[in-house]
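K.L.:
Sharing work20.cif below, mmCIF, C-alpha atoms:
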```cif
data_start
#
loop_
_atom_site.label_atom_id
_atom_site.label_comp_id
_atom_site.auth_asym_id
_atom_site.auth_seq_id
_atom_site.Cartn_x
_atom_site.Cartn_y
_atom_site.Cartn_z
CA MET A 1 8.93 -50.40 49.85
CA LYS A 2 9.20 -53.39 52.24
CA ARG A 3 12.40 -54.13 54.12
CA PHE A 4 14.21 -57.49 54.01
CA PRO A 5 14.83 -59.35 57.27
CA LYS A 6 18.39 -59.44 58.55
CA TYR A 7 20.29 -62.63 58.95
CA THR A 8 23.20 -63.29 61.36
CA ALA A 9 25.31 -65.36 58.96
CA ALA A 10 24.77 -63.31 55.84
CA PHE A 11 22.32 -60.99 54.36
CA CYS A 12 21.24 -59.97 50.99
CA ALA A 13 19.62 -56.86 49.81
CA VAL A 14 17.73 -56.21 46.71
CA LEU A 15 18.23 -52.79 45.33
CA ILE A 16 15.47 -51.52 43.15
CA VAL A 17 16.40 -48.56 41.06
CA SER A 18 13.49 -46.54 39.72
CA PRO A 19 13.66 -44.40 36.60
CA ALA A 20 13.97 -40.66 36.93
CA VAL A 21 10.72 -38.96 37.88
CA ALA A 22 10.81 -36.40 35.12
CA ASP A 23 9.70 -37.65 31.73
CA GLY A 24 10.14 -41.28 32.71
CA PRO A 25 7.67 -44.13 32.25
CA LYS A 26 5.56 -45.15 35.20
CA PRO A 27 6.70 -48.27 37.11
CA PHE A 28 4.65 -51.42 36.96
CA PRO A 29 1.66 -50.91 39.24
CA ASP A 30 1.99 -54.42 40.73
CA PHE A 31 5.46 -55.51 41.90
CA THR A 32 5.95 -58.74 43.85
CA PHE A 33 9.01 -60.47 45.23
CA LYS A 34 9.87 -63.20 47.66
CA THR A 35 12.84 -63.79 49.91
CA VAL A 36 14.78 -66.99 50.23
CA LYS A 37 17.54 -68.16 52.56
CA PRO A 38 21.12 -67.46 51.57
CA PRO A 39 22.57 -70.29 49.50
CA ALA A 40 24.98 -72.71 51.11
CA PRO A 41 28.66 -72.22 50.31
CA GLY A 42 29.46 -73.46 46.82
CA ALA A 43 25.79 -73.65 45.76
CA ASN A 44 24.84 -72.40 42.33
CA LYS A 45 21.41 -71.09 43.29
CA ARG A 46 20.86 -67.38 43.22
CA ILE A 47 18.30 -65.09 44.74
CA THR A 48 15.72 -64.21 42.12
CA VAL A 49 13.40 -61.26 41.83
CA GLN A 50 10.05 -62.10 40.26
CA VAL A 51 8.12 -59.41 38.45
CA ARG A 52 4.57 -60.15 37.40
CA PRO A 53 3.93 -58.47 34.03
CA VAL A 54 0.84 -56.32 33.68
CA ALA A 55 -0.94 -56.11 30.36
CA PRO A 56 -0.98 -52.57 28.95
CA THR A 57 -4.28 -50.73 29.08
CA LEU A 58 -5.68 -50.31 25.58
CA PRO A 59 -7.86 -47.36 24.62
CA GLN A 60 -11.55 -48.11 24.37
CA THR A 61 -12.97 -48.42 20.88
CA THR A 62 -16.46 -47.96 19.54
CA ASP A 63 -17.91 -50.50 17.16
CA THR A 64 -18.44 -49.10 13.67
CA PRO A 65 -21.54 -50.26 11.77
CA ASP A 66 -20.79 -52.40 8.75
CA VAL A 67 -22.24 -50.40 5.89
CA PRO A 68 -21.14 -50.09 2.29
CA GLY A 69 -19.85 -46.90 0.83
CA SER A 70 -18.17 -44.05 2.61
CA ALA A 71 -17.98 -44.13 6.38
CA ALA A 72 -18.60 -40.38 6.57
CA ALA A 73 -22.05 -38.96 7.11
CA GLY A 74 -24.16 -38.29 4.02
CA ARG A 75 -23.91 -34.80 2.53
CA TYR A 76 -27.66 -34.35 2.37
CA ASP A 77 -28.78 -35.29 5.85
CA TRP A 78 -31.08 -32.27 5.87
CA PHE A 79 -33.05 -33.88 3.04
CA TRP A 80 -33.94 -36.85 5.24
CA GLN A 81 -35.26 -34.48 7.87
CA GLU A 82 -37.84 -33.35 5.31
CA VAL A 83 -38.45 -36.66 3.53
CA SER A 84 -39.02 -39.72 5.70
CA PRO A 85 -36.84 -42.71 4.80
CA ASP A 86 -39.30 -45.10 6.48
CA ILE A 87 -41.19 -47.60 4.38
CA ALA A 88 -44.34 -46.77 6.38
CA SER A 89 -44.31 -43.27 4.85
CA SER A 90 -44.01 -44.47 1.25
CA GLY A 91 -46.44 -43.72 -1.55
CA PRO A 92 -46.60 -42.54 -5.17
CA GLY A 93 -47.69 -39.04 -4.15
CA ARG A 94 -44.38 -38.30 -2.45
CA LEU A 95 -42.74 -37.01 -5.62
CA GLU A 96 -44.18 -33.52 -5.19
CA THR A 97 -43.10 -33.46 -1.53
CA VAL A 98 -39.60 -34.51 -2.52
CA LEU A 99 -39.25 -31.91 -5.27
CA ASN A 100 -40.52 -29.17 -2.93
CA ALA A 101 -37.95 -30.22 -0.33
CA LEU A 102 -35.17 -30.07 -2.92
CA ALA A 103 -36.28 -26.60 -4.02
CA LYS A 104 -36.07 -25.35 -0.42
CA ALA A 105 -32.61 -26.68 0.38
CA PRO A 106 -30.69 -24.81 3.09
CA ALA A 107 -28.32 -22.15 1.79
CA GLY A 108 -25.07 -23.72 0.66
CA HIS A 109 -26.44 -27.26 0.92
CA SER A 110 -28.43 -27.70 -2.28
CA VAL A 111 -28.25 -31.11 -3.93
CA ALA A 112 -25.88 -31.30 -6.88
CA ALA A 113 -27.74 -31.85 -10.15
CA PRO A 114 -26.56 -32.30 -13.74
CA ARG A 115 -26.66 -29.26 -16.01
CA LEU A 116 -29.49 -29.05 -18.51
CA ASP A 117 -27.07 -29.21 -21.44
CA THR A 118 -25.57 -32.42 -20.02
CA LEU A 119 -29.01 -34.03 -19.86
CA LEU A 120 -29.80 -32.75 -23.33
CA ALA A 121 -26.64 -34.33 -24.75
CA ILE A 122 -27.58 -37.70 -23.20
CA ALA A 123 -31.14 -37.40 -24.51
CA ASN A 124 -29.88 -36.57 -28.01
CA ALA A 125 -27.70 -39.69 -27.95
CA HIS A 126 -30.15 -42.17 -26.42
CA ALA A 127 -33.71 -40.81 -26.66
CA PRO A 128 -35.00 -43.58 -28.99
CA GLN A 129 -33.86 -46.38 -26.64
CA ILE A 130 -35.15 -44.51 -23.59
CA LEU A 131 -38.58 -43.89 -25.09
CA ILE A 132 -39.02 -47.36 -26.61
CA ASN A 133 -38.06 -49.19 -23.43
CA SER A 134 -40.12 -47.01 -21.10
CA VAL A 135 -43.37 -47.44 -23.05
CA ASN A 136 -45.93 -49.47 -21.08
CA SER A 137 -43.75 -49.28 -17.97
CA ARG A 138 -44.06 -47.42 -14.68
CA VAL A 139 -40.87 -45.49 -15.45
CA SER A 140 -40.93 -41.97 -16.85
CA PRO A 141 -38.36 -41.33 -19.59
CA ALA A 142 -37.29 -38.33 -17.50
CA LEU A 143 -36.41 -40.70 -14.65
CA VAL A 144 -34.41 -42.95 -16.99
CA LEU A 145 -32.50 -39.92 -18.22
CA SER A 146 -31.82 -38.85 -14.63
CA VAL A 147 -30.52 -42.27 -13.58
CA ILE A 148 -28.21 -42.41 -16.60
CA ALA A 149 -26.84 -38.94 -15.81
CA VAL A 150 -26.10 -39.79 -12.17
CA GLU A 151 -24.90 -43.35 -12.75
CA SER A 152 -22.56 -42.89 -15.72
CA SER A 153 -22.78 -39.27 -16.95
CA GLY A 154 -23.91 -40.76 -20.25
CA ARG A 155 -20.82 -42.94 -20.80
CA ALA A 156 -21.78 -46.26 -22.35
CA ASP A 157 -18.38 -47.75 -21.43
CA ALA A 158 -18.50 -46.75 -17.75
CA ILE A 159 -17.41 -49.44 -15.27
CA SER A 160 -17.52 -48.94 -11.50
CA GLY A 161 -15.18 -50.39 -8.91
CA ALA A 162 -18.03 -52.65 -7.78
CA GLY A 163 -18.40 -54.13 -11.27
CA ALA A 164 -21.48 -52.18 -12.40
CA GLN A 165 -21.37 -51.48 -16.13
CA GLY A 166 -22.80 -49.33 -18.86
CA LEU A 167 -25.15 -46.36 -19.02
CA MET A 168 -27.37 -47.47 -16.13
CA GLN A 169 -24.59 -49.28 -14.25
CA LEU A 170 -26.02 -52.78 -14.14
CA ILE A 171 -24.20 -55.35 -12.04
CA PRO A 172 -23.82 -58.78 -13.69
CA ALA A 173 -26.54 -60.40 -11.56
CA THR A 174 -29.09 -57.72 -12.48
CA ALA A 175 -28.14 -57.87 -16.15
CA GLU A 176 -28.65 -61.64 -16.16
CA ARG A 177 -31.88 -61.32 -14.19
CA PHE A 178 -33.42 -59.07 -16.84
CA GLY A 179 -32.03 -60.80 -19.90
CA VAL A 180 -29.24 -58.41 -20.85
CA GLN A 181 -26.64 -60.28 -22.88
CA ASP A 182 -24.33 -57.40 -23.82
CA VAL A 183 -24.30 -54.99 -20.90
CA MET A 184 -22.09 -52.52 -22.77
CA ASP A 185 -24.62 -52.15 -25.57
CA PRO A 186 -26.56 -48.93 -24.82
CA GLY A 187 -29.91 -50.27 -25.99
CA GLN A 188 -29.67 -53.50 -23.99
CA ASN A 189 -28.34 -51.69 -20.93
CA ILE A 190 -31.21 -49.21 -20.98
CA ARG A 191 -33.70 -52.03 -21.46
CA GLY A 192 -32.33 -53.87 -18.42
CA GLY A 193 -32.18 -50.73 -16.29
CA VAL A 194 -35.74 -49.71 -17.14
CA ALA A 195 -36.99 -53.24 -16.47
CA TYR A 196 -35.34 -53.21 -13.05
CA LEU A 197 -36.74 -49.76 -12.18
CA ASP A 198 -40.18 -50.89 -13.32
CA TRP A 199 -39.96 -53.96 -11.09
CA LEU A 200 -38.80 -51.86 -8.13
CA LEU A 201 -41.60 -49.32 -8.53
CA ARG A 202 -44.12 -52.15 -8.58
CA GLU A 203 -42.46 -53.77 -5.55
CA PHE A 204 -42.50 -50.54 -3.53
CA GLN A 205 -45.94 -49.24 -4.47
CA ASN A 206 -44.67 -46.67 -7.00
CA ASP A 207 -42.71 -44.81 -4.34
CA PRO A 208 -39.78 -43.06 -6.09
CA VAL A 209 -37.69 -42.73 -2.92
CA LEU A 210 -37.72 -46.42 -2.04
CA ALA A 211 -37.37 -47.55 -5.66
CA LEU A 212 -34.25 -45.45 -6.17
CA ALA A 213 -32.80 -46.55 -2.83
CA ALA A 214 -33.30 -50.16 -3.91
CA TYR A 215 -31.72 -49.46 -7.32
CA ASN A 216 -28.59 -48.31 -5.50
CA ALA A 217 -28.45 -50.64 -2.49
CA GLY A 218 -30.66 -53.56 -3.55
CA GLU A 219 -34.26 -54.31 -2.71
CA ASN A 220 -33.29 -56.65 0.13
CA ALA A 221 -31.43 -53.84 1.90
CA VAL A 222 -34.53 -51.64 1.74
CA LYS A 223 -36.70 -54.43 3.14
CA LYS A 224 -34.19 -55.27 5.85
CA HIS A 225 -34.03 -51.67 7.09
CA GLU A 226 -37.76 -51.08 6.48
CA GLY A 227 -36.93 -48.05 4.39
CA VAL A 228 -33.95 -46.29 2.86
CA PRO A 229 -30.84 -47.99 4.31
CA PRO A 230 -28.60 -45.77 6.47
CA TYR A 231 -25.78 -46.02 3.95
CA PRO A 232 -24.20 -42.61 3.20
CA GLU A 233 -23.88 -43.47 -0.49
CA THR A 234 -27.56 -44.40 -0.79
CA ARG A 235 -28.72 -41.44 1.31
CA ASP A 236 -26.88 -39.18 -1.17
CA TYR A 237 -27.86 -41.11 -4.30
CA VAL A 238 -31.62 -40.78 -3.89
CA PRO A 239 -31.77 -36.96 -3.67
CA LYS A 240 -29.17 -36.64 -6.45
CA VAL A 241 -31.30 -38.62 -8.91
CA LEU A 242 -34.45 -36.77 -7.90
CA ALA A 243 -32.65 -33.43 -8.28
CA ALA A 244 -31.64 -34.56 -11.77
CA PHE A 245 -35.28 -35.48 -12.42
CA ALA A 246 -36.33 -31.93 -11.49
CA VAL A 247 -33.99 -30.65 -14.22
CA ALA A 248 -34.88 -33.37 -16.74
CA LYS A 249 -38.56 -32.44 -16.54
CA ALA A 250 -37.73 -29.24 -18.39
CA LEU A 251 -36.81 -31.29 -21.46
CA CYS A 252 -40.28 -32.84 -21.66
CA LYS A 253 -42.94 -31.27 -23.85
CA THR A 254 -45.38 -32.04 -21.05
CA PRO A 255 -43.50 -32.13 -17.73
CA PRO A 256 -44.34 -35.31 -15.77
CA GLU A 257 -46.13 -34.96 -12.45
CA LEU A 258 -45.66 -38.57 -11.38
CA ILE A 259 -42.57 -40.73 -11.60
CA SER A 260 -44.46 -42.95 -14.06
CA ASP A 261 -45.70 -40.19 -16.41
CA GLY A 262 -44.64 -40.25 -20.04
CA CYS A 263 -42.31 -37.68 -21.56
CA VAL A 264 -41.51 -36.70 -25.12
CA PHE A 265 -38.18 -34.90 -25.17
CA ASN A 266 -37.63 -31.54 -26.83
CA LEU A 267 -34.39 -32.30 -28.64
CA GLN A 268 -31.98 -30.15 -30.58
CA PRO A 269 -31.77 -30.93 -34.31
#
```
Represent the structure of the file as structure tokens.
P.N.:
Amino acid sequence: MKRFPKYTAAFCAVLIVSPAVADGPKPFPDFTFKTVKPPAPGANKRITVQVRPVAPTLPQTTDTPDVPGSAAAGRYDWFWQEVSPDIASSGPGRLETVLNALAKAPAGHSVAAPRLDTLLAIANAHAPQILINSVNSRVSPALVLSVIAVESSGRADAISGAGAQGLMQLIPATAERFGVQDVMDPGQNIRGGVAYLDWLLREFQNDPVLALAAYNAGENAVKKHEGVPPYPETRDYVPKVLAAFAVAKALCKTPPELISDGCVFNLQP
């Protein structure tokens, strides 16, 4: 602490009282003052102490990437160690690689898939629309069944928080794009969903991984990231649908080997 000069006529002292050392806040790191002459008799001026405020130090923050869906890491990160998300690795022959990777999931980390009886119930309810709309397309009926199971669990009245609707969870823009007038009608919804999947498979060279990623996140997101976007929701969605496809194959009289292969369901009477 600096000392004040003494004056012959009068003096003034500034007493600075600090808080107790124990459990007390730290004093301002920068403290400045100035001295002035004693005021003349009868003057109203007073000696002032000037304290320069110091802005508090804020903790450093890390920028968080702006991605849709949950901010937590995807549950199936191991899957993407086995299956490349890059568009450069795409191709129609990847289906077998993907299914093999799913079959060899680490203990306790297998991808959740619908039960066979759940898929059978959906097929019993909607097989005619699935088969009719997938004819002459690149989309296997088993894939359509898998998407329905993951998207809506077979509920024709399902509506998501993002505004996707119906069995295959079409957003309004996609429904309009593919001529769906009543998105809650199961037949029209399936027709629009199959048409979109068919377009995506054509756009991404029949690669099931990229087509499903685009179905979830949009084709522009896949193109922007040159592969499966790093969105936790999308990184979980793709293996979930393909795990459902592995189960749905068992309902086909001739199990499909490609994502575009036909399938005639074995249905209960």
K.L.:
Residues at most 12 Å from region 122-129 of chain A, counting all atoms listed in the file, excluding those fewer than 3 positions away in the same chain, as a ChimeraX atom specification?
P.N.:
/A:114-119,132-135,141-150,152-156,167-168,185-194,248-249,251-252,263-269
K.L.:
Report, in Å to a single decimal, how far apart CA of Lys104 (chain A) and CA of Lys253 (chain A) are.
P.N.:
25.1 Å
K.L.:
One decimal, Å: what's the distance from CA of Ile159 (chain A) over to CA of Tyr196 (chain A), could you say?
P.N.:
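About the pair CA of Ile159 (chain A) and CA of Tyr196 (chain A): they are 18.5 Å apart.
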K.L.:
Go ahead and compute the interatomic distance for CA of Arg94 (chain A) and CA of Ile171 (chain A), in Å to one decimal.
P.N.:
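Going from CA of Arg94 (chain A) over to CA of Ile171 (chain A), I get 28.1 Å.
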K.L.:
Using all atoms listed in the file, find the one residue out of A:Val139, A:Val83, A:Leu197, A:Leu170 that sits nearest to Thr97 (chain A).
P.N.:
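Going through A:Val139, A:Val83, A:Leu197, A:Leu170 one by one, the smallest distance to Thr97 (chain A) is for A:Val83.
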K.L.:
If the PyMOL selection byres ((chain A and resi 259) around 10) were run on this exact file, what residues would it hold? Put them as a PyMOL selection string.
P.N.:
chain A and resi 92-96+138-143+201+206-208+242+245+256-258+260-262
K.L.:
Those residues with C-alpha atoms, as a PDB file, in the coordinates of the input please?
P.N.:
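Just written: part-v4.pdb:
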```pdb
ATOM      1  CA  PRO A  92     -46.600 -42.540  -5.170  1.00  0.00           C
ATOM      2  CA  GLY A  93     -47.690 -39.040  -4.150  1.00  0.00           C
ATOM      3  CA  ARG A  94     -44.380 -38.300  -2.450  1.00  0.00           C
ATOM      4  CA  LEU A  95     -42.740 -37.010  -5.620  1.00  0.00           C
ATOM      5  CA  GLU A  96     -44.180 -33.520  -5.190  1.00  0.00           C
ATOM      6  CA  ARG A 138     -44.060 -47.420 -14.680  1.00  0.00           C
ATOM      7  CA  VAL A 139     -40.870 -45.490 -15.450  1.00  0.00           C
ATOM      8  CA  SER A 140     -40.930 -41.970 -16.850  1.00  0.00           C
ATOM      9  CA  PRO A 141     -38.360 -41.330 -19.590  1.00  0.00           C
ATOM     10  CA  ALA A 142     -37.290 -38.330 -17.500  1.00  0.00           C
ATOM     11  CA  LEU A 143     -36.410 -40.700 -14.650  1.00  0.00           C
ATOM     12  CA  LEU A 201     -41.600 -49.320  -8.530  1.00  0.00           C
ATOM     13  CA  ASN A 206     -44.670 -46.670  -7.000  1.00  0.00           C
ATOM     14  CA  ASP A 207     -42.710 -44.810  -4.340  1.00  0.00           C
ATOM     15  CA  PRO A 208     -39.780 -43.060  -6.090  1.00  0.00           C
ATOM     16  CA  LEU A 242     -34.450 -36.770  -7.900  1.00  0.00           C
ATOM     17  CA  PHE A 245     -35.280 -35.480 -12.420  1.00  0.00           C
ATOM     18  CA  PRO A 256     -44.340 -35.310 -15.770  1.00  0.00           C
ATOM     19  CA  GLU A 257     -46.130 -34.960 -12.450  1.00  0.00           C
ATOM     20  CA  LEU A 258     -45.660 -38.570 -11.380  1.00  0.00           C
ATOM     21  CA  SER A 260     -44.460 -42.950 -14.060  1.00  0.00           C
ATOM     22  CA  ASP A 261     -45.700 -40.190 -16.410  1.00  0.00           C
ATOM     23  CA  GLY A 262     -44.640 -40.250 -20.040  1.00  0.00           C
TER      24      GLY A 262
END
```
K.L.:
Give me the residues near Val228 (chain A) as a PyMOL selection string, where near means some atom within 6 Å (using all atoms listed in the file) and where sequence neighbours in that chain fewer than 5 positions away do not count.
P.N.:
chain A and resi 85+213+222
K.L.:
Kindly indicate which residue among A:Gly161, A:Ala103, A:Gln169, A:Ile87 lies nearest to Glu219 (chain A), using all atoms listed in the file for the distances.
P.N.:
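Using all atoms listed in the file, the shortest distance to Glu219 (chain A) belongs to A:Ile87.
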K.L.:
Here's the selection I'm unsure about, the PyMOL selection byres ((chain A and resi 235) around 12); applied to the file above, which residues does it give, as number ranges by chain?
P.N.:
A: 67-70, 72-81, 83-85, 111, 209-210, 212-214, 216-217, 222, 227-234, 236-242
